[in-house]
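Notes to accompany the following structure.
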Protein chains: 2
Amino acid sequence: MKPSRARSSSTVVADVGESGLIDLVKERFGAGPEGELWAGDDTAIIATGRRTLFTTDVIVEGVDFDLSYCTGFDVGWKSLAVNVSDVAAMGGVPRRAVVALSMAPETPMNEVTGLLDGLDACARAYAVGIVGGDVSGADRMSVSVALTGDVDTPVLRSGARPGDEICVTGTLGGAAAGLFALQRKLEGHNAAIDRLIARQLRPKPRLPESRRLLGASAMIDVSDGLALDLSRVMAASGTGCEVELGLLPVDPDLLALDGGTDPVALALGGGEDYELLCTIDPSDLDATVAALSGSLTGLTRIGVVTEGESCLFDGEPLEEEEMGWDHLRSR
Amino acid sequence: MKPSRARSSSTVVADVGESGLIDLVKERFGAGPEGELWAGDDTAIIATGRRTLFTTDVIVEGVDFDLSYCTGFDVGWKSLAVNVSDVAAMGGVPRRAVVALSMAPETPMNEVTGLLDGLDACARAYAVGIVGGDVSGADRMSVSVALTGDVDTPVLRSGARPGDEICVTGTLGGAAAGLFALQRKLEGHNAAIDRLIARQLRPKPRLPESRRLLGASAMIDVSDGLALDLSRVMAASGTGCEVELGLLPVDPDLLALDGGTDPVALALGGGEDYELLCTIDPSDLDATVAALSGSLTGLTRIGVVTEGESCLFDGEPLEEEEMGWDHLRSR
């Protein structure tokens with residue numbers, strides 16, 4: 001056990017057991033509104049419309065997060081936030097989640113309550129109800145969330161057409177730079193670095209922004225890196241693209257790292273920014289950019305959809321190692 | 001790496017990577033019926049009624065299964081089957097699942113394809129559509145499934161009333177005895193032992209039976225052991241119970257183990273039988289038993305619901321260690 005974990009708590013998961021942990025979760029997340037039944041039976045009962053979005057994401061200790069540089073709260077927040085981001089990328093509204101937790105019996109209980117706090121905070125921020133779950137023992141912590149959402153007209157990956165403008169919300173590269181900063185223990189050096197770290201640990205799904213992007217022809221969230229996620233939209237749409245690297249909205253806080261990283265490389269391949277990447281009919285571009293200006297994250301045009309299958313960046317295809325994150329590939 | 005795994009395949013997960021694995025899953029589970037969109041976008045889109053059941057269960061290598069005595073197929077089957085059992089225990093019909101897989105990059109690909117085969121076989125057996133998922137790296141394999149279901153009138157845990165008869169489908173103790181047999185390498189000794197092992201590795205959710213138990217006042221599936229799961233129904237209903245141990249439908253195949261196990265203890269606390277435990281108004285008992293006779297698993301009366309809070313077995317409360325399985329408690 002790492003010293004930082006041994007120091008942090010005298011009560012561990014094994015002291016309360018599965019049933020104690022389930023009671024804790026039930027108390028936290030409650031019984032649900034009239035007509036629904038949340039935790040406490042074999043399954044939850046949830047109210048649904050005619051069509052429902054349905055997605056899952058799992059995050060694993062040592063792969064997707066490291067408890068030596070993040071808290072239980074961060075893990076709980078991120079486990080739900082990445083699913084909310086997927087629903088936002090469909091043009092939907094997140095509704096109900098189930099959570100499967102795996103953890104070692106010697107996990108300090110304050111890490112677990114922190115995780116529940118983070119889940120709860122993210123659920124409140126995005127009006128999600130956590131309606132059920134499961135717990136199991138394991139060597140390492142992992143959190144698997146499945147989320148439903150309401151949708152009227154889903155925005156798919158497959159709708160991009162040649163001539164559409166390619167746009168992205170907010171800024172890119174910050175989350176990967178935050179990981180770089182965490183690994184080098186730069187936390188607290190200055191406000192810009194702490195903002196980068198927050199991008200990594202507490203991603204903010206672009207749900208309000210997605211409500212203003214329902215006219216997009218295609219949309220995806222940037223989870224594995226702009227280049228890889230863009231290539232997925234193009235493949236689904238049967239189109240290619242030309243991106244101008246000079247137009248990429250690189251996170252200005254990357255300047256705080258004072259070298260040591262390649263900002264454009266992080267913006268292209270870093271991943272985990274959870275911005276929305278979309279394609280927009282040229283006649284809708286000005287109105288959409290205007291709709292996203294002001295208090296929101298803004299929308300930046302970075303390129304254009306083309307005929308054919310090539311994804312070009314300043315006229316060149318990317319090398320495979322510039323593309324983004326594959327969780328399982330040999331390196 | 002264990003010799004049995006090294007021998008079994010020359011291709012491992014790292015050779016195909018995350019994107020290769022996702023392609024494999026997409027090909028396997030297809031695009032879905034008209035009006036739905038399965039794998040291939042940020043989330044799935046599924047058709048839903050006004051109320052939807054929603055549940056999740058995670059199974060973890062080394063805790064819930066051991067690849068030294070089971071196959072990838074077994075893991076895939078069980079990961080979905082335990083969720084189908086939860087939907088059956090609500091009186092519902094399972095519909096759509098998402099699957100989050102975590103595994104080490106050095107996992108042999110034939111274990112992965114076996115897992116997908118097992119998922120596929122279980123999905124076909126219970127008419128479930130696997131509509132999406134996620135993959136992540138990890139030290140050990142774990143499979144987290146979230147499942148939706150349709151329901152008209154859910155059968156909750158909270159509906160038992162004093163005087164109701166307590167009944168259970170099929171037989172008890174077989175799955176725990178199968179684990180005992182696997183751990184002692186008794187596979188192939190005789191047909192009875194192989195049936196016990198099948199109870200452990202390929203649980204068959206009692207979905208057809210649950211369709212004939214919609215008149216039950218309360219229902220739960222026996223996943224953590226009869227005693228523990230019964231106590232949950234009684235706690236939810238605010239009732240107690242009296243069970244006659246001589247009435248327990250102990251799996252007759254336990255005789256094949258020829259001593260070494262306590263059949264009643266396995267029936268009470270062994271768990272993983274995935275039978276349905278329900279309470280039935282006495283006036284409905286005969287008709288319900290008749291409805292479940294014949295080609296199905298049958299229904300056995302084991303006791304009665306009482307006023308108060310005590311769960312008594314032949315007049316005595318159980319000790320905590322007789323109750324059943326807590327995944328996280330110190331032992």
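Chain lettering (A, B, ...) mirrors the order of the structure tokens, residue numbering begins at 1 for each chain separately, and ligand numbering begins at 1 in order of display.
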
query = For chain B, which residues have at least one atom within 7 Å of chain A, if we go by only C-alpha atoms? Write them as a ChimeraX atom specification, please.
reply = /B:13-18,41-58,60,63,86-87,89-90,98,100,105,132-134,136-138,144,146,156-157,220,326-330

Output of the above residues as a JSON list (two decimals), in the first residue's frame, restricted to C-alpha atoms:
```json
[["chain", "number", "residue", "atom", "x", "y", "z"],
["B", 13, "VAL", "CA", -5.06, -8.19, -27.69],
["B", 14, "ALA", "CA", -2.12, -5.81, -28.12],
["B", 15, "ASP", "CA", -1.66, -7.09, -31.69],
["B", 16, "VAL", "CA", -5.06, -5.80, -32.77],
["B", 17, "GLY", "CA", -5.31, -2.83, -30.39],
["B", 18, "GLU", "CA", -8.38, -1.00, -29.21],
["B", 41, "ASP", "CA", -21.56, 6.26, -32.73],
["B", 42, "ASP", "CA", -21.02, 8.08, -29.42],
["B", 43, "THR", "CA", -23.95, 6.23, -27.87],
["B", 44, "ALA", "CA", -26.48, 3.70, -29.03],
["B", 45, "ILE", "CA", -30.07, 4.69, -29.79],
["B", 46, "ILE", "CA", -32.64, 2.16, -28.56],
["B", 47, "ALA", "CA", -36.42, 1.99, -28.74],
["B", 48, "THR", "CA", -38.03, 2.20, -25.32],
["B", 49, "GLY", "CA", -41.46, 2.09, -23.72],
["B", 50, "ARG", "CA", -42.73, 4.49, -21.07],
["B", 51, "ARG", "CA", -40.94, 2.66, -18.24],
["B", 52, "THR", "CA", -37.62, 0.86, -18.56],
["B", 53, "LEU", "CA", -35.74, -1.48, -16.25],
["B", 54, "PHE", "CA", -32.06, -0.60, -15.93],
["B", 55, "THR", "CA", -29.38, -2.64, -14.16],
["B", 56, "THR", "CA", -25.66, -3.37, -14.12],
["B", 57, "ASP", "CA", -23.38, -6.15, -12.87],
["B", 58, "VAL", "CA", -19.62, -6.42, -13.07],
["B", 60, "VAL", "CA", -13.87, -9.56, -12.20],
["B", 63, "VAL", "CA", -12.93, -12.70, -7.77],
["B", 86, "ASP", "CA", -32.02, -9.36, -12.46],
["B", 87, "VAL", "CA", -34.49, -8.29, -15.13],
["B", 89, "ALA", "CA", -36.52, -11.05, -11.02],
["B", 90, "MET", "CA", -38.43, -7.81, -11.70],
["B", 98, "VAL", "CA", -23.89, -2.28, -23.29],
["B", 100, "ALA", "CA", -17.49, -2.48, -20.85],
["B", 105, "PRO", "CA", -2.90, -6.19, -23.66],
["B", 132, "GLY", "CA", -22.57, -0.72, -27.57],
["B", 133, "GLY", "CA", -19.64, -0.81, -25.23],
["B", 134, "ASP", "CA", -16.21, 0.31, -24.26],
["B", 136, "SER", "CA", -9.93, -0.40, -21.60],
["B", 137, "GLY", "CA", -6.58, -1.81, -20.59],
["B", 138, "ALA", "CA", -6.25, -3.39, -17.12],
["B", 144, "SER", "CA", -19.29, -4.89, -16.80],
["B", 146, "ALA", "CA", -25.58, -2.78, -18.20],
["B", 156, "LEU", "CA", -40.67, -5.64, -6.41],
["B", 157, "ARG", "CA", -38.83, -6.93, -3.35],
["B", 220, "ILE", "CA", -35.64, -11.59, -6.20],
["B", 326, "ASP", "CA", -20.16, -10.49, 0.75],
["B", 327, "HIS", "CA", -17.67, -9.57, -1.99],
["B", 328, "LEU", "CA", -15.74, -7.07, 0.07],
["B", 329, "ARG", "CA", -16.00, -7.97, 3.75],
["B", 330, "SER", "CA", -12.88, -9.00, 5.70]]
```

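For B:Leu226, the set of protein, DNA and RNA residues having any atom at most 7 Å away, when counting only C-alpha atoms and skipping those fewer than 2 positions along the same chain, is Val222, Leu228, Asp229, Leu230, Ala267, Leu268, Gly269 and Gly271 of chain B.
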
Now that the selection is made, can you save its residues with N, CA, C and O atoms as a PDB file, in the first residue's frame?
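Output file selection.pdb is given in full below:
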```pdb
ATOM      1  N   VAL B 222     -31.715 -15.453  -6.796  1.00  0.00           N
ATOM      2  CA  VAL B 222     -30.794 -15.968  -5.780  1.00  0.00           C
ATOM      3  C   VAL B 222     -29.371 -15.853  -6.336  1.00  0.00           C
ATOM      4  O   VAL B 222     -28.877 -16.752  -7.008  1.00  0.00           O
ATOM      5  N   LEU B 228     -29.352 -14.807   2.354  1.00  0.00           N
ATOM      6  CA  LEU B 228     -29.105 -13.371   2.226  1.00  0.00           C
ATOM      7  C   LEU B 228     -30.145 -12.714   1.320  1.00  0.00           C
ATOM      8  O   LEU B 228     -30.682 -11.642   1.637  1.00  0.00           O
ATOM      9  N   ASP B 229     -30.449 -13.360   0.211  1.00  0.00           N
ATOM     10  CA  ASP B 229     -31.410 -12.753  -0.714  1.00  0.00           C
ATOM     11  C   ASP B 229     -32.822 -12.742  -0.107  1.00  0.00           C
ATOM     12  O   ASP B 229     -33.566 -11.777  -0.292  1.00  0.00           O
ATOM     13  N   LEU B 230     -33.185 -13.787   0.639  1.00  0.00           N
ATOM     14  CA  LEU B 230     -34.481 -13.800   1.327  1.00  0.00           C
ATOM     15  C   LEU B 230     -34.538 -12.685   2.370  1.00  0.00           C
ATOM     16  O   LEU B 230     -35.556 -11.986   2.502  1.00  0.00           O
ATOM     17  N   ALA B 267     -26.998 -24.819  -0.073  1.00  0.00           N
ATOM     18  CA  ALA B 267     -28.298 -24.334  -0.541  1.00  0.00           C
ATOM     19  C   ALA B 267     -28.651 -22.996   0.100  1.00  0.00           C
ATOM     20  O   ALA B 267     -29.239 -22.119  -0.536  1.00  0.00           O
ATOM     21  N   LEU B 268     -28.268 -22.815   1.347  1.00  0.00           N
ATOM     22  CA  LEU B 268     -28.595 -21.578   2.074  1.00  0.00           C
ATOM     23  C   LEU B 268     -27.658 -20.428   1.727  1.00  0.00           C
ATOM     24  O   LEU B 268     -28.091 -19.282   1.592  1.00  0.00           O
ATOM     25  N   GLY B 269     -26.356 -20.731   1.622  1.00  0.00           N
ATOM     26  CA  GLY B 269     -25.386 -19.641   1.566  1.00  0.00           C
ATOM     27  C   GLY B 269     -24.481 -19.663   0.355  1.00  0.00           C
ATOM     28  O   GLY B 269     -23.653 -18.769   0.193  1.00  0.00           O
ATOM     29  N   GLY B 271     -25.006 -19.408  -3.006  1.00  0.00           N
ATOM     30  CA  GLY B 271     -25.210 -18.354  -4.000  1.00  0.00           C
ATOM     31  C   GLY B 271     -24.989 -18.795  -5.430  1.00  0.00           C
ATOM     32  O   GLY B 271     -24.604 -19.944  -5.699  1.00  0.00           O
TER      33      GLY B 271
END
```

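Counting only C-alpha atoms and comparing B:Asp164, B:Asp253, B:Asp224, B:Asp284, the residue that lies closest to B:Gly270 is B:Asp224.
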
key: Polymer residues at most 9 Å from stretch 190-203 of chain A, only C-alpha atoms, same-chain spacing of 2 or more positions, as a ChimeraX atom specification   = /A:65,70-71,74-75,77-78,81-82,173-182,186-188,205,251-257,272-274

Would you mind exporting N, CA and C atoms of the selected residues as a CSV table (one decimal), in the first residue's frame?
```
chain,number,residue,atom,x,y,z
A,65,PHE,N,-6.6,6.5,-14.7
A,65,PHE,CA,-6.3,7.4,-13.6
A,65,PHE,C,-5.3,6.8,-12.7
A,70,CYS,N,-4.5,11.8,-8.2
A,70,CYS,CA,-5.8,12.3,-8.2
A,70,CYS,C,-6.6,11.8,-7.0
A,71,THR,N,-7.7,12.4,-6.7
A,71,THR,CA,-8.5,12.0,-5.5
A,71,THR,C,-9.7,11.1,-6.0
A,74,ASP,N,-12.1,13.1,-7.9
A,74,ASP,CA,-11.8,13.2,-9.4
A,74,ASP,C,-12.2,12.0,-10.2
A,75,VAL,N,-12.0,10.8,-9.6
A,75,VAL,CA,-12.3,9.5,-10.3
A,75,VAL,C,-13.9,9.5,-10.5
A,77,TRP,N,-16.1,12.0,-10.5
A,77,TRP,CA,-16.5,13.0,-11.4
A,77,TRP,C,-16.3,12.5,-12.8
A,78,LYS,N,-15.0,12.1,-13.1
A,78,LYS,CA,-14.6,11.8,-14.5
A,78,LYS,C,-15.4,10.5,-15.0
A,81,ALA,N,-18.6,12.0,-16.1
A,81,ALA,CA,-18.5,13.1,-17.0
A,81,ALA,C,-18.2,12.5,-18.5
A,82,VAL,N,-17.4,11.5,-18.6
A,82,VAL,CA,-17.0,11.0,-19.9
A,82,VAL,C,-18.3,10.4,-20.6
A,173,GLY,N,-5.8,20.2,-26.2
A,173,GLY,CA,-4.4,20.0,-25.7
A,173,GLY,C,-4.3,20.2,-24.2
A,174,GLY,N,-5.3,20.8,-23.6
A,174,GLY,CA,-5.1,21.1,-22.2
A,174,GLY,C,-5.2,19.9,-21.3
A,175,ALA,N,-6.0,18.9,-21.6
A,175,ALA,CA,-6.1,17.8,-20.7
A,175,ALA,C,-4.8,17.0,-20.7
A,176,ALA,N,-4.2,16.8,-21.9
A,176,ALA,CA,-3.0,16.1,-22.0
A,176,ALA,C,-1.8,16.8,-21.4
A,177,ALA,N,-1.9,18.1,-21.5
A,177,ALA,CA,-0.8,19.0,-20.8
A,177,ALA,C,-1.0,18.9,-19.3
A,178,GLY,N,-2.3,18.7,-18.8
A,178,GLY,CA,-2.5,18.6,-17.4
A,178,GLY,C,-1.9,17.3,-16.9
A,179,LEU,N,-2.1,16.2,-17.7
A,179,LEU,CA,-1.5,14.9,-17.3
A,179,LEU,C,0.1,15.1,-17.2
A,180,PHE,N,0.6,15.7,-18.2
A,180,PHE,CA,2.1,16.0,-18.2
A,180,PHE,C,2.5,16.7,-16.9
A,181,ALA,N,1.7,17.7,-16.6
A,181,ALA,CA,2.0,18.5,-15.3
A,181,ALA,C,1.9,17.7,-14.1
A,182,LEU,N,0.9,16.8,-14.0
A,182,LEU,CA,0.7,16.0,-12.9
A,182,LEU,C,1.8,15.0,-12.7
A,186,LEU,N,3.8,19.3,-11.0
A,186,LEU,CA,3.9,20.8,-11.1
A,186,LEU,C,2.7,21.5,-10.5
A,187,GLU,N,1.8,20.7,-9.8
A,187,GLU,CA,0.6,21.2,-9.2
A,187,GLU,C,0.9,22.4,-8.3
A,188,GLY,N,0.1,23.4,-8.4
A,188,GLY,CA,0.3,24.6,-7.5
A,188,GLY,C,1.3,25.6,-7.9
A,205,PRO,N,-18.1,18.2,-19.6
A,205,PRO,CA,-18.8,17.9,-20.8
A,205,PRO,C,-19.5,19.1,-21.4
A,251,ASP,N,-5.0,25.3,-26.4
A,251,ASP,CA,-5.2,25.8,-25.1
A,251,ASP,C,-4.1,26.8,-24.7
A,252,PRO,N,-4.4,28.1,-24.5
A,252,PRO,CA,-3.4,29.1,-24.2
A,252,PRO,C,-2.6,28.8,-23.0
A,253,ASP,N,-3.2,28.0,-22.0
A,253,ASP,CA,-2.4,27.7,-20.8
A,253,ASP,C,-1.2,26.8,-21.1
A,254,LEU,N,-1.1,26.2,-22.3
A,254,LEU,CA,0.0,25.4,-22.6
A,254,LEU,C,1.3,26.2,-22.5
A,255,LEU,N,1.2,27.5,-22.7
A,255,LEU,CA,2.4,28.4,-22.6
A,255,LEU,C,3.0,28.3,-21.3
A,256,ALA,N,2.2,28.0,-20.2
A,256,ALA,CA,2.7,28.0,-18.9
A,256,ALA,C,3.7,26.8,-18.7
A,257,LEU,N,3.7,25.8,-19.6
A,257,LEU,CA,4.6,24.7,-19.4
A,257,LEU,C,6.0,25.0,-19.9
A,272,GLU,N,-8.8,13.5,-24.4
A,272,GLU,CA,-9.4,13.8,-23.1
A,272,GLU,C,-9.9,15.2,-22.9
A,273,ASP,N,-9.9,16.0,-24.0
A,273,ASP,CA,-10.4,17.4,-23.9
A,273,ASP,C,-11.9,17.4,-23.8
A,274,TYR,N,-12.6,16.4,-24.2
A,274,TYR,CA,-14.0,16.4,-24.2
A,274,TYR,C,-14.7,17.6,-24.7
```

ask   = Any idea what's packed within 8 Å of A:Ser310, counting only C-alpha atoms, ignoring anything in its chain fewer than 2 positions away? Could you give it as a VMD selection string?
value = chain A and resid 239 to 241 308 312 317

Restricted to N, CA and C atoms, what would the selected residues look like written as a PDB file, in the first residue's frame?
```pdb
ATOM      1  N   THR A 239     -16.291  10.420 -46.069  1.00  0.00           N
ATOM      2  CA  THR A 239     -15.706  11.659 -46.588  1.00  0.00           C
ATOM      3  C   THR A 239     -14.262  11.780 -46.123  1.00  0.00           C
ATOM      4  N   GLY A 240     -13.576  12.775 -46.642  1.00  0.00           N
ATOM      5  CA  GLY A 240     -12.255  13.134 -46.163  1.00  0.00           C
ATOM      6  C   GLY A 240     -12.287  14.536 -45.577  1.00  0.00           C
ATOM      7  N   CYS A 241     -11.105  15.071 -45.242  1.00  0.00           N
ATOM      8  CA  CYS A 241     -11.095  16.428 -44.675  1.00  0.00           C
ATOM      9  C   CYS A 241      -9.743  17.084 -44.879  1.00  0.00           C
ATOM     10  N   GLY A 308     -13.702  12.000 -51.070  1.00  0.00           N
ATOM     11  CA  GLY A 308     -12.600  11.056 -50.906  1.00  0.00           C
ATOM     12  C   GLY A 308     -12.449  10.638 -49.464  1.00  0.00           C
ATOM     13  N   LEU A 312      -6.316  15.235 -44.250  1.00  0.00           N
ATOM     14  CA  LEU A 312      -5.059  15.963 -44.433  1.00  0.00           C
ATOM     15  C   LEU A 312      -4.957  17.106 -43.429  1.00  0.00           C
ATOM     16  N   PRO A 317      -1.126  13.737 -44.677  1.00  0.00           N
ATOM     17  CA  PRO A 317      -1.716  12.806 -43.704  1.00  0.00           C
ATOM     18  C   PRO A 317      -0.824  12.723 -42.462  1.00  0.00           C
TER      19      PRO A 317
END
```

task = Find the residues near A:Leu292: any atom within 8 Å, counting only C-alpha atoms, skip ones fewer than 6 places away on the same chain, and give them as a VMD selection string.
result = chain A and resid 209 212 298 to 299

ask   = Out of stretch 60-286 of chain B, which residues get alpha helix (DSSP H) from DSSP, as a ChimeraX atom specification?
value = /B:72-89,109-125,174-183,191-201,207-211,226-237,263-269,285-286

ask   = Tell me, which residues of stretch 113-194 of chain B carry DSSP strand (DSSP E or B), written as a ChimeraX atom specification?
value = /B:129-137,142-150,165-169,172
